[in-house]
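Asker: This is the content of data27.cif (mmCIF, C-alpha atoms):
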```cif
data_work
#
loop_
_atom_site.label_atom_id
_atom_site.label_comp_id
_atom_site.auth_asym_id
_atom_site.auth_seq_id
_atom_site.Cartn_x
_atom_site.Cartn_y
_atom_site.Cartn_z
CA MET A 1 84.90 -203.87 -12.81
CA SER A 2 84.83 -201.36 -9.93
CA ASP A 3 84.72 -202.39 -6.26
CA SER A 4 81.10 -201.22 -6.00
CA GLU A 5 80.06 -203.19 -9.08
CA ALA A 6 81.78 -206.32 -7.74
CA ALA A 7 80.04 -205.92 -4.39
CA SER A 8 76.66 -205.54 -6.09
CA GLU A 9 77.21 -208.67 -8.18
CA HIS A 10 78.26 -210.64 -5.08
CA GLU A 11 75.12 -209.55 -3.21
CA GLY A 12 73.00 -210.65 -6.16
CA ASP A 13 74.66 -214.07 -6.14
CA GLU A 14 73.91 -214.53 -2.44
CA ARG A 15 70.22 -213.83 -3.04
CA GLY A 16 70.15 -216.45 -5.77
CA GLY A 17 70.02 -213.96 -8.66
CA THR A 18 70.57 -210.36 -9.69
CA ASP A 19 68.09 -207.54 -9.27
CA ASP A 20 67.44 -207.64 -13.02
CA SER A 21 66.45 -211.31 -12.97
CA SER A 22 64.28 -211.41 -9.86
CA ALA A 23 63.05 -208.02 -8.65
CA LYS A 24 59.78 -206.78 -10.13
CA ALA A 25 58.74 -203.16 -10.50
CA VAL A 26 55.72 -202.33 -8.36
CA ARG A 27 53.86 -199.06 -8.81
CA TYR A 28 53.18 -197.13 -5.61
CA LEU A 29 50.23 -194.74 -5.87
CA THR A 30 49.45 -192.19 -3.19
CA SER A 31 45.97 -190.93 -2.41
CA GLU A 32 46.86 -187.74 -4.30
CA ASP A 33 47.95 -189.77 -7.33
CA VAL A 34 44.55 -191.46 -7.62
CA ALA A 35 42.34 -188.50 -6.64
CA GLY A 36 40.32 -187.60 -9.74
CA LEU A 37 42.13 -190.18 -11.85
CA ALA A 38 38.90 -192.01 -12.75
CA SER A 39 35.45 -190.53 -13.29
CA VAL A 40 32.51 -191.63 -11.15
CA GLY A 41 31.06 -193.39 -14.19
CA GLU A 42 34.29 -195.31 -14.71
CA TYR A 43 34.18 -196.51 -11.11
CA VAL A 44 30.59 -197.70 -11.61
CA ASP A 45 31.43 -199.51 -14.86
CA ALA A 46 34.44 -201.25 -13.32
CA VAL A 47 32.55 -202.34 -10.20
CA ARG A 48 29.59 -203.60 -12.23
CA GLU A 49 31.98 -205.77 -14.25
CA GLY A 50 33.57 -207.05 -11.04
CA TYR A 51 30.20 -208.14 -9.66
CA ARG A 52 29.30 -209.80 -12.95
CA GLN A 53 32.43 -211.93 -12.63
CA ARG A 54 31.52 -212.73 -9.02
CA GLY A 55 28.07 -213.83 -10.20
CA GLU A 56 29.76 -216.25 -12.58
CA GLY A 57 31.93 -217.75 -9.86
CA ALA A 58 34.86 -215.40 -9.19
CA PRO A 59 36.25 -216.05 -5.67
CA ALA A 60 35.62 -213.48 -2.94
CA GLU A 61 35.47 -213.65 0.83
CA PRO A 62 33.74 -211.40 3.38
CA ARG A 63 35.80 -209.20 5.62
CA THR A 64 37.66 -210.48 8.64
CA LYS A 65 37.84 -208.08 11.54
CA LEU A 66 40.08 -208.07 14.58
CA VAL A 67 38.87 -205.81 17.37
CA ASN A 68 41.19 -204.22 19.91
CA ALA A 69 39.83 -203.07 23.27
CA GLU A 70 42.44 -200.56 24.41
CA PRO A 71 43.06 -198.39 22.54
CA PRO A 72 39.74 -199.12 20.81
CA GLY A 73 40.11 -199.96 17.16
CA MET A 74 39.80 -202.63 14.50
CA LEU A 75 42.03 -204.19 11.85
CA THR A 76 40.07 -205.36 8.82
CA SER A 77 40.89 -207.17 5.58
CA TYR A 78 39.17 -208.87 2.65
CA SER A 79 40.17 -210.29 -0.73
CA ALA A 80 38.89 -211.28 -4.18
CA ILE A 81 40.08 -212.60 -7.54
CA LEU A 82 38.63 -211.19 -10.77
CA PRO A 83 39.93 -213.62 -13.42
CA GLU A 84 38.63 -211.83 -16.50
CA THR A 85 39.95 -208.49 -15.32
CA GLY A 86 43.25 -210.25 -14.66
CA ALA A 87 43.62 -208.82 -11.16
CA MET A 88 43.32 -209.89 -7.55
CA GLY A 89 43.95 -208.38 -4.17
CA GLY A 90 41.94 -206.66 -1.51
CA TYR A 91 41.91 -204.16 1.28
CA THR A 92 43.54 -203.94 4.66
CA TYR A 93 42.72 -201.04 6.92
CA ALA A 94 43.06 -199.94 10.50
CA ALA A 95 40.39 -197.75 12.07
CA GLY A 96 40.38 -196.11 15.47
CA PHE A 97 43.28 -196.89 17.81
CA GLY A 98 45.25 -193.89 19.06
CA ALA A 99 44.86 -191.91 15.84
CA GLY A 100 41.06 -192.14 15.94
CA ASP A 101 41.06 -192.32 12.15
CA ALA A 102 41.36 -194.89 9.36
CA GLN A 103 44.08 -195.77 6.85
CA PHE A 104 43.48 -197.96 3.80
CA VAL A 105 46.00 -199.93 1.76
CA THR A 106 45.32 -201.99 -1.36
CA PRO A 107 47.79 -204.57 -2.71
CA LEU A 108 46.96 -205.32 -6.35
CA PHE A 109 48.29 -208.51 -7.97
CA ASP A 110 48.31 -209.86 -11.52
CA ALA A 111 45.86 -212.78 -11.54
CA GLU A 112 47.83 -214.76 -14.13
CA SER A 113 51.44 -214.43 -12.99
CA GLY A 114 50.79 -213.69 -9.32
CA HIS A 115 53.19 -210.74 -9.46
CA LEU A 116 52.45 -207.71 -7.33
CA LEU A 117 51.41 -204.85 -9.63
CA ALA A 118 50.76 -201.97 -7.28
CA ILE A 119 50.40 -200.72 -3.74
CA ILE A 120 47.65 -198.11 -3.54
CA ASP A 121 46.70 -195.73 -0.74
CA GLY A 122 42.94 -196.25 -0.68
CA ALA A 123 41.84 -193.02 1.02
CA SER A 124 40.70 -191.14 -2.11
CA MET A 125 39.37 -194.28 -3.77
CA ASN A 126 37.27 -195.46 -0.83
CA PRO A 127 34.07 -193.36 -1.11
CA PHE A 128 33.96 -193.77 -4.88
CA LYS A 129 34.43 -197.53 -5.07
CA THR A 130 31.91 -198.04 -2.25
CA GLY A 131 29.53 -195.58 -3.88
CA ALA A 132 29.92 -197.48 -7.14
CA ALA A 133 28.81 -200.71 -5.44
CA GLY A 134 25.72 -198.91 -4.19
CA ALA A 135 25.03 -197.62 -7.69
CA VAL A 136 25.28 -201.12 -9.16
CA GLY A 137 22.75 -202.24 -6.55
CA ILE A 138 20.41 -199.39 -7.50
CA ASP A 139 20.77 -200.21 -11.18
CA ALA A 140 19.94 -203.87 -10.54
CA LEU A 141 17.06 -203.38 -8.10
CA ALA A 142 15.48 -199.92 -8.30
CA ARG A 143 12.60 -199.01 -10.59
CA GLU A 144 13.69 -197.60 -13.95
CA ASP A 145 11.56 -194.48 -13.39
CA ALA A 146 13.02 -193.72 -9.92
CA ALA A 147 13.08 -189.93 -9.58
CA GLU A 148 13.22 -189.14 -5.83
CA LEU A 149 16.19 -190.13 -3.68
CA GLY A 150 16.48 -190.01 0.09
CA VAL A 151 19.86 -190.05 1.84
CA ILE A 152 20.40 -190.63 5.55
CA GLY A 153 23.95 -189.61 6.44
CA SER A 154 26.10 -186.70 5.33
CA GLY A 155 29.72 -187.90 5.51
CA ALA A 156 32.19 -188.87 2.78
CA GLN A 157 30.47 -192.20 2.16
CA ALA A 158 27.07 -190.55 1.70
CA ARG A 159 28.63 -188.15 -0.80
CA GLY A 160 30.19 -191.00 -2.74
CA GLN A 161 26.89 -192.91 -2.74
CA LEU A 162 24.94 -189.92 -4.06
CA ARG A 163 27.39 -189.07 -6.83
CA ALA A 164 27.48 -192.69 -8.02
CA ALA A 165 23.68 -193.07 -7.79
CA MET A 166 23.30 -190.15 -10.19
CA GLU A 167 25.16 -192.21 -12.80
CA VAL A 168 22.46 -194.90 -12.98
CA ARG A 169 19.16 -193.05 -12.50
CA GLU A 170 17.92 -189.57 -13.45
CA PHE A 171 16.93 -188.37 -9.99
CA GLU A 172 15.11 -185.05 -9.90
CA THR A 173 15.07 -184.45 -6.14
CA VAL A 174 17.32 -185.56 -3.28
CA ASN A 175 16.39 -185.16 0.39
CA VAL A 176 19.15 -185.62 2.95
CA PHE A 177 19.00 -185.98 6.71
CA SER A 178 21.67 -186.33 9.37
CA PRO A 179 21.32 -185.45 13.05
CA THR A 180 23.53 -182.34 12.92
CA LYS A 181 21.76 -179.50 11.09
CA GLU A 182 24.96 -177.84 9.90
CA ASN A 183 26.24 -181.11 8.40
CA ARG A 184 23.12 -181.88 6.39
CA GLU A 185 22.88 -178.31 5.13
CA SER A 186 26.54 -178.32 4.11
CA PHE A 187 25.99 -181.64 2.32
CA ALA A 188 23.03 -180.23 0.40
CA ALA A 189 24.94 -177.10 -0.62
CA ASP A 190 27.98 -179.06 -1.78
CA MET A 191 26.05 -181.75 -3.62
CA ASN A 192 23.96 -179.19 -5.47
CA GLU A 193 27.24 -178.23 -7.14
CA HIS A 194 27.84 -181.83 -8.31
CA CYS A 195 24.33 -183.04 -9.18
CA ASP A 196 21.70 -182.08 -11.71
CA ALA A 197 19.03 -182.95 -9.13
CA SER A 198 17.77 -180.50 -6.53
CA VAL A 199 19.36 -181.46 -3.19
CA ALA A 200 17.69 -180.29 0.03
CA ALA A 201 18.31 -180.84 3.73
CA VAL A 202 15.30 -182.10 5.67
CA ALA A 203 14.60 -182.14 9.39
CA SER A 204 13.98 -185.87 9.99
CA SER A 205 14.78 -189.31 8.64
CA ALA A 206 11.04 -189.82 8.08
CA ALA A 207 11.10 -186.96 5.58
CA THR A 208 13.74 -188.76 3.52
CA VAL A 209 11.66 -191.95 3.45
CA GLU A 210 8.38 -190.31 2.47
CA GLY A 211 7.97 -190.43 -1.30
CA ALA A 212 11.43 -191.90 -1.87
CA ASP A 213 11.87 -194.20 -4.84
CA VAL A 214 15.39 -194.98 -3.59
CA LEU A 215 16.72 -194.60 -0.06
CA ILE A 216 20.42 -194.70 0.88
CA THR A 217 21.58 -195.15 4.47
CA ALA A 218 25.24 -194.31 5.01
CA THR A 219 25.71 -193.96 8.76
CA ASN A 220 27.62 -195.41 11.69
CA ALA A 221 24.42 -195.85 13.69
CA SER A 222 23.95 -198.79 16.05
CA GLU A 223 20.14 -198.64 15.95
CA PRO A 224 17.73 -198.43 12.99
CA VAL A 225 17.72 -194.99 11.38
CA PHE A 226 14.10 -195.05 10.15
CA ASP A 227 10.84 -196.89 10.78
CA GLY A 228 10.44 -199.70 8.26
CA GLU A 229 6.66 -199.27 8.38
CA ARG A 230 7.15 -196.00 6.49
CA LEU A 231 8.66 -197.65 3.41
CA GLU A 232 6.34 -197.26 0.44
CA ALA A 233 5.67 -199.95 -2.15
CA GLY A 234 8.30 -199.97 -4.86
CA THR A 235 11.10 -198.41 -2.79
CA HIS A 236 14.66 -199.62 -3.12
CA VAL A 237 17.01 -199.29 -0.12
CA THR A 238 20.79 -199.37 -0.25
CA ALA A 239 22.18 -199.80 3.28
CA MET A 240 25.96 -199.47 3.46
CA GLY A 241 26.72 -198.71 7.09
CA GLN A 242 25.79 -202.06 8.65
CA TYR A 243 28.89 -204.26 8.55
CA ASP A 244 28.88 -205.14 12.23
CA ALA A 245 26.75 -207.93 13.71
CA ARG A 246 25.90 -205.67 16.67
CA LYS A 247 24.74 -202.69 14.55
CA ARG A 248 21.66 -202.33 12.41
CA GLU A 249 20.68 -199.39 10.20
CA LEU A 250 17.47 -201.17 9.15
CA ASP A 251 14.84 -202.61 11.47
CA SER A 252 13.28 -206.05 11.19
CA THR A 253 10.21 -204.68 9.41
CA ALA A 254 12.30 -203.20 6.61
CA ILE A 255 14.25 -206.44 6.16
CA SER A 256 11.28 -208.82 6.40
CA GLN A 257 9.13 -207.07 3.80
CA ALA A 258 11.96 -206.66 1.28
CA LYS A 259 13.62 -208.74 -1.39
CA TYR A 260 16.97 -208.92 0.39
CA VAL A 261 20.22 -208.91 -1.63
CA PRO A 262 23.66 -208.82 0.06
CA ASP A 263 26.96 -208.17 -1.68
CA LEU A 264 28.19 -211.56 -0.41
CA ARG A 265 25.92 -214.29 0.91
CA GLY A 266 28.48 -215.23 3.59
CA ARG A 267 27.80 -211.94 5.38
CA ALA A 268 24.11 -212.78 5.85
CA THR A 269 24.48 -215.65 8.31
CA PRO A 270 24.42 -215.84 12.10
CA GLU A 271 28.24 -215.84 11.95
CA GLY A 272 28.42 -212.94 9.48
CA ASP A 273 28.48 -209.17 9.91
CA ALA A 274 25.25 -208.07 8.18
CA GLY A 275 23.84 -206.54 11.35
CA SER A 276 20.36 -205.67 10.11
CA PHE A 277 19.82 -209.14 8.65
CA ILE A 278 21.17 -210.80 11.79
CA GLY A 279 18.92 -208.63 13.95
CA ALA A 280 15.87 -209.68 11.94
CA LEU A 281 16.94 -213.31 12.31
CA GLU A 282 17.24 -212.94 16.06
CA ASP A 283 13.83 -211.25 16.22
CA GLY A 284 12.30 -214.22 14.41
CA ALA A 285 11.09 -211.94 11.60
CA ILE A 286 12.90 -213.95 8.89
CA GLY A 287 14.79 -217.18 8.33
CA GLU A 288 18.17 -217.67 6.69
CA GLU A 289 16.39 -218.51 3.43
CA HIS A 290 15.28 -214.85 3.23
CA VAL A 291 18.42 -214.08 1.17
CA HIS A 292 17.16 -213.74 -2.41
CA ALA A 293 20.56 -213.74 -4.18
CA GLU A 294 23.94 -212.07 -4.14
CA LEU A 295 24.25 -208.86 -6.13
CA GLY A 296 26.66 -210.53 -8.55
CA GLU A 297 24.16 -213.25 -9.36
CA ILE A 298 21.65 -210.59 -10.42
CA VAL A 299 24.20 -208.61 -12.43
CA ALA A 300 25.29 -211.81 -14.20
CA GLY A 301 21.69 -212.75 -14.99
CA GLU A 302 21.79 -215.84 -12.78
CA ALA A 303 18.93 -214.56 -10.59
CA PRO A 304 16.14 -212.03 -11.18
CA GLY A 305 16.36 -208.52 -9.78
CA ARG A 306 13.24 -206.40 -9.39
CA GLU A 307 10.20 -208.29 -10.63
CA SER A 308 7.43 -205.74 -10.06
CA ASP A 309 6.97 -202.02 -9.50
CA GLU A 310 5.44 -202.70 -6.08
CA GLU A 311 8.08 -204.81 -4.37
CA ILE A 312 10.48 -203.36 -1.81
CA THR A 313 14.14 -204.26 -2.33
CA VAL A 314 17.21 -203.97 -0.10
CA PHE A 315 20.84 -204.09 -1.13
CA ASP A 316 23.07 -204.73 1.89
CA SER A 317 26.41 -203.23 0.90
CA GLY A 318 28.85 -204.04 3.68
CA GLY A 319 31.96 -203.71 1.52
CA THR A 320 33.92 -206.36 -0.36
CA ALA A 321 37.16 -206.72 -2.26
CA ILE A 322 35.16 -207.09 -5.45
CA GLU A 323 34.69 -203.33 -5.78
CA THR A 324 38.15 -202.72 -4.34
CA VAL A 325 40.01 -204.85 -6.89
CA ALA A 326 37.85 -203.64 -9.78
CA ALA A 327 38.42 -199.99 -8.89
CA ALA A 328 42.11 -200.44 -8.07
CA TYR A 329 42.83 -202.12 -11.40
CA THR A 330 41.12 -199.28 -13.27
CA LEU A 331 43.23 -196.75 -11.36
CA HIS A 332 46.39 -198.76 -11.96
CA GLU A 333 45.80 -198.89 -15.72
CA LYS A 334 45.19 -195.14 -15.84
CA ALA A 335 48.29 -194.48 -13.76
CA VAL A 336 50.37 -196.54 -16.17
CA GLU A 337 49.01 -194.52 -19.10
CA ASP A 338 49.76 -191.22 -17.35
CA ASP A 339 53.04 -192.45 -15.81
CA LEU A 340 51.90 -191.59 -12.28
CA GLY A 341 53.35 -192.88 -9.03
CA ARG A 342 56.71 -194.20 -7.93
CA SER A 343 58.39 -197.48 -8.82
CA LEU A 344 59.35 -199.86 -6.01
CA GLU A 345 61.38 -203.08 -6.21
CA TRP A 346 59.64 -206.22 -4.98
CA PHE A 347 61.34 -209.60 -4.64
CA PRO A 348 59.70 -213.04 -4.73
CA ALA A 349 59.71 -215.24 -1.65
CA SER A 350 62.26 -217.53 -3.27
CA GLU A 351 64.82 -214.78 -2.75
CA ALA A 352 64.48 -214.92 1.04
CA LEU A 353 67.16 -216.60 3.15
CA THR A 354 69.02 -218.06 0.18
CA GLY A 355 72.36 -216.96 1.54
CA GLU A 356 74.10 -215.20 4.38
#
```
Output the file's structure as structure tokens, nothing else.
Answerer:
Amino acid sequence: MSDSEAASEHEGDERGGTDDSSAKAVRYLTSEDVAGLASVGEYVDAVREGYRQRGEGAPAEPRTKLVNAEPPGMLTSYSAILPETGAMGGYTYAAGFGAGDAQFVTPLFDAESGHLLAIIDGASMNPFKTGAAGAVGIDALAREDAAELGVIGSGAQARGQLRAAMEVREFETVNVFSPTKENRESFAADMNEHCDASVAAVASSAATVEGADVLITATNASEPVFDGERLEAGTHVTAMGQYDARKRELDSTAISQAKYVPDLRGRATPEGDAGSFIGALEDGAIGEEHVHAELGEIVAGEAPGRESDEEITVFDSGGTAIETVAAAYTLHEKAVEDDLGRSLEWFPASEALTGE
């Protein structure tokens, strides 16, 4: 035995075992590794299955958010277990601070053994897994014959929402509005390359609401982005930019006249972060019983979705680990098949401080 081999064996003994007996291989996937790895339809299918499991009792918790004043920023995390998928984990991300940007990391664990399977950079995944949640909401709550889609917002999240929505309904026209003319026109030009529908930029949020069978709001607005009085009978609204108790994309009129469905019921409480719902509560327009059901309960068949062509429905999609774990596991399985990513060694906690 060489000196180096003897030293390695000694170090293994001090940890309570050798690398072979205790370290586990963990796949590290960069944003580039996962970009384009799954189709939009595969994201939607995976997220739908995740919400079905949630509707049958799979554990999931709303986000926790720590806010920093100077430099301004927030540190956010949430988690979920999907027993039938065999995976658990969540999201941790920092947004703002000195960089003025966001970074997303997903730890993915095996739900049976508890072993860490992968560490995934969530940047490329983020718009698609969030868009997939919106699409599942549309599929559960929008009319089957929905043909006209309105989109308020023109960033990455709005793009992900639109591409996923096209997987569940055959939209013929899409009208998009955002305050900056160049942004909404660029969005329309780009999305016309990805969608069978005709995508056009319009000059006001009211123009996106008029005639819309489905309306998506994907903004960072603090105040309502359209007048709820303009919603027509039978419209479905997916609101995904309202995960702050102090911000509201939808006004009290929109919330009060709608069948209201959040991703997680715990968000739609006075202590939660569903800003539009909380605002309607504070205005006295609704009570806490206004929550119809969680999305997962509808997907699982535990509660009805749309019950008439005339009712207005709202899916409040603030973001959960349900879509994160479902999407991450799909990406991990595809990465294993294609042998993508790097392998890292990860030791169990029992290996810590077992020797000097």
Asker: Evaluate the PyMOL selection byres ((chain A and resi 78) around 10) here and jot the selected residues down as a PyMOL selection string.
Answerer: chain A and resi 60-65+76-77+79-80+89-93+319-322+324
Asker: Taking the file as shown, what set of residues would the PyMOL selection byres ((chain A and resi 115) around 10) give back, as a ChimeraX atom specification?
Answerer: /A:24-26,87,108-114,116-118,346-348
Asker: So how far away is atom CA of A:Arg48 from atom CA of A:Arg27, in Å?
Answerer: 24.9 Å
Asker: Once you count only C-alpha atoms, which residues end up no further than 10 Å from (20.7, -184.9, -0.2) in the file's frame, shown as an MDAnalysis selection string?
Answerer: chainID A and resid 149:154 158:159 162 173:178 184:192 195 197:202 208 216
Asker: Please produce a file of those selected residues containing C-alpha atoms, as a tab-separated table (two decimals), in the frame of the given file.
Answerer:
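Ended up saving to part.tsv:
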```
chain	number	residue	atom	x	y	z
A	149	LEU	CA	16.19	-190.13	-3.68
A	150	GLY	CA	16.48	-190.01	0.09
A	151	VAL	CA	19.86	-190.05	1.84
A	152	ILE	CA	20.40	-190.63	5.55
A	153	GLY	CA	23.95	-189.61	6.44
A	154	SER	CA	26.10	-186.70	5.33
A	158	ALA	CA	27.07	-190.55	1.70
A	159	ARG	CA	28.63	-188.15	-0.80
A	162	LEU	CA	24.94	-189.92	-4.06
A	173	THR	CA	15.07	-184.45	-6.14
A	174	VAL	CA	17.32	-185.56	-3.28
A	175	ASN	CA	16.39	-185.16	0.39
A	176	VAL	CA	19.15	-185.62	2.95
A	177	PHE	CA	19.00	-185.98	6.71
A	178	SER	CA	21.67	-186.33	9.37
A	184	ARG	CA	23.12	-181.88	6.39
A	185	GLU	CA	22.88	-178.31	5.13
A	186	SER	CA	26.54	-178.32	4.11
A	187	PHE	CA	25.99	-181.64	2.32
A	188	ALA	CA	23.03	-180.23	0.40
A	189	ALA	CA	24.94	-177.10	-0.62
A	190	ASP	CA	27.98	-179.06	-1.78
A	191	MET	CA	26.05	-181.75	-3.62
A	192	ASN	CA	23.96	-179.19	-5.47
A	195	CYS	CA	24.33	-183.04	-9.18
A	197	ALA	CA	19.03	-182.95	-9.13
A	198	SER	CA	17.77	-180.50	-6.53
A	199	VAL	CA	19.36	-181.46	-3.19
A	200	ALA	CA	17.69	-180.29	0.03
A	201	ALA	CA	18.31	-180.84	3.73
A	202	VAL	CA	15.30	-182.10	5.67
A	208	THR	CA	13.74	-188.76	3.52
A	216	ILE	CA	20.42	-194.70	0.88
```
Asker: Determine the residue set returned by the PyMOL selection byres ((chain A and resi 254-270) around 7) for the present structure, and present it as an mmCIF file with C-alpha atoms, keeping the file's coordinate frame.
Answerer:
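expr-v2.cif, written as the output of this step:
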```cif
data_model
loop_
_atom_site.group_PDB
_atom_site.id
_atom_site.type_symbol
_atom_site.label_atom_id
_atom_site.label_comp_id
_atom_site.auth_asym_id
_atom_site.auth_seq_id
_atom_site.Cartn_x
_atom_site.Cartn_y
_atom_site.Cartn_z
ATOM 1 C CA PRO A 62 33.740 -211.400 3.380
ATOM 2 C CA GLY A 228 10.440 -199.700 8.260
ATOM 3 C CA LEU A 250 17.470 -201.170 9.150
ATOM 4 C CA ASP A 251 14.840 -202.610 11.470
ATOM 5 C CA SER A 252 13.280 -206.050 11.190
ATOM 6 C CA THR A 253 10.210 -204.680 9.410
ATOM 7 C CA GLU A 271 28.240 -215.840 11.950
ATOM 8 C CA GLY A 272 28.420 -212.940 9.480
ATOM 9 C CA ASP A 273 28.480 -209.170 9.910
ATOM 10 C CA ALA A 274 25.250 -208.070 8.180
ATOM 11 C CA PHE A 277 19.820 -209.140 8.650
ATOM 12 C CA ILE A 278 21.170 -210.800 11.790
ATOM 13 C CA ALA A 280 15.870 -209.680 11.940
ATOM 14 C CA ALA A 285 11.090 -211.940 11.600
ATOM 15 C CA ILE A 286 12.900 -213.950 8.890
ATOM 16 C CA GLU A 288 18.170 -217.670 6.690
ATOM 17 C CA HIS A 290 15.280 -214.850 3.230
ATOM 18 C CA VAL A 291 18.420 -214.080 1.170
ATOM 19 C CA HIS A 292 17.160 -213.740 -2.410
ATOM 20 C CA ALA A 293 20.560 -213.740 -4.180
ATOM 21 C CA GLU A 294 23.940 -212.070 -4.140
ATOM 22 C CA LEU A 295 24.250 -208.860 -6.130
ATOM 23 C CA ILE A 312 10.480 -203.360 -1.810
ATOM 24 C CA THR A 313 14.140 -204.260 -2.330
ATOM 25 C CA VAL A 314 17.210 -203.970 -0.100
ATOM 26 C CA PHE A 315 20.840 -204.090 -1.130
ATOM 27 C CA ASP A 316 23.070 -204.730 1.890
ATOM 28 C CA SER A 317 26.410 -203.230 0.900
#
```
Asker: Measuring between all atoms listed in the file, which one of A:Asp45, A:Asp244, A:Asp139, A:Asp33 shows the shortest distance to A:Asn220?
Answerer: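 Among the listed residues, A:Asp244 lies closest to A:Asn220.
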Asker: Quick check, in Å to one decimal: how far apart do atom CA of A:Thr30 and atom CA of A:Gln157 lie?
Answerer: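 That distance, rounded to one decimal, is 19.7 Å.
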Asker: Measure the distance from atom CA of A:Ala69 to atom CA of A:Val105 in Å and round it to one decimal.
Answerer: 22.6 Å
Asker: Ranking A:Val67, A:Ala142, A:Ala58, A:Leu75 by minimum distance to A:Glu307 and counting only C-alpha atoms, which one comes first?
Answerer: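 Under the stated criterion, the closest residue is A:Ala142.
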Asker: A:Pro72, A:Gly36, A:Gly287, A:Pro83: which is nearest A:Val325, counting all atoms listed in the file?
Answerer: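 Distance minimum relative to A:Val325 lands on A:Pro83.
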Asker: Which is closer to A:Lys181 than all the others in A:Gly96, A:Ser204, A:Ala218, A:Glu310, using all atoms listed in the file?
Answerer: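 Among the listed residues, A:Ser204 lies closest to A:Lys181.
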Asker: For each of A:Ala303, A:Ala165, A:Val214, A:Ala102, take the minimum atom-to-atom distance to A:Ala133, counting only C-alpha atoms, then give the residue where this is smallest.
Answerer: A:Ala165
Asker: Considering all atoms listed in the file, state which residue in the set A:Arg230, A:Arg169, A:Arg163, A:Lys129 is at the smallest distance from A:Glu144.
Answerer: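 Smallest distance to A:Glu144 is found for A:Arg169.
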Asker: Any idea what's packed within 7 Å of A:Ala300, counting all atoms listed in the file, ignoring anything in its chain fewer than 2 positions away? Could you give it as number ranges by chain?
Answerer: A: 52, 55-56, 296-298, 302
Asker: Report as a ChimeraX atom specification all protein, DNA and RNA residues lying within 7 Å of A:Leu29, evaluated on all atoms listed in the file, omitting residues in the same chain fewer than 4 positions from it.
Answerer: /A:33-34,119-121,341-342
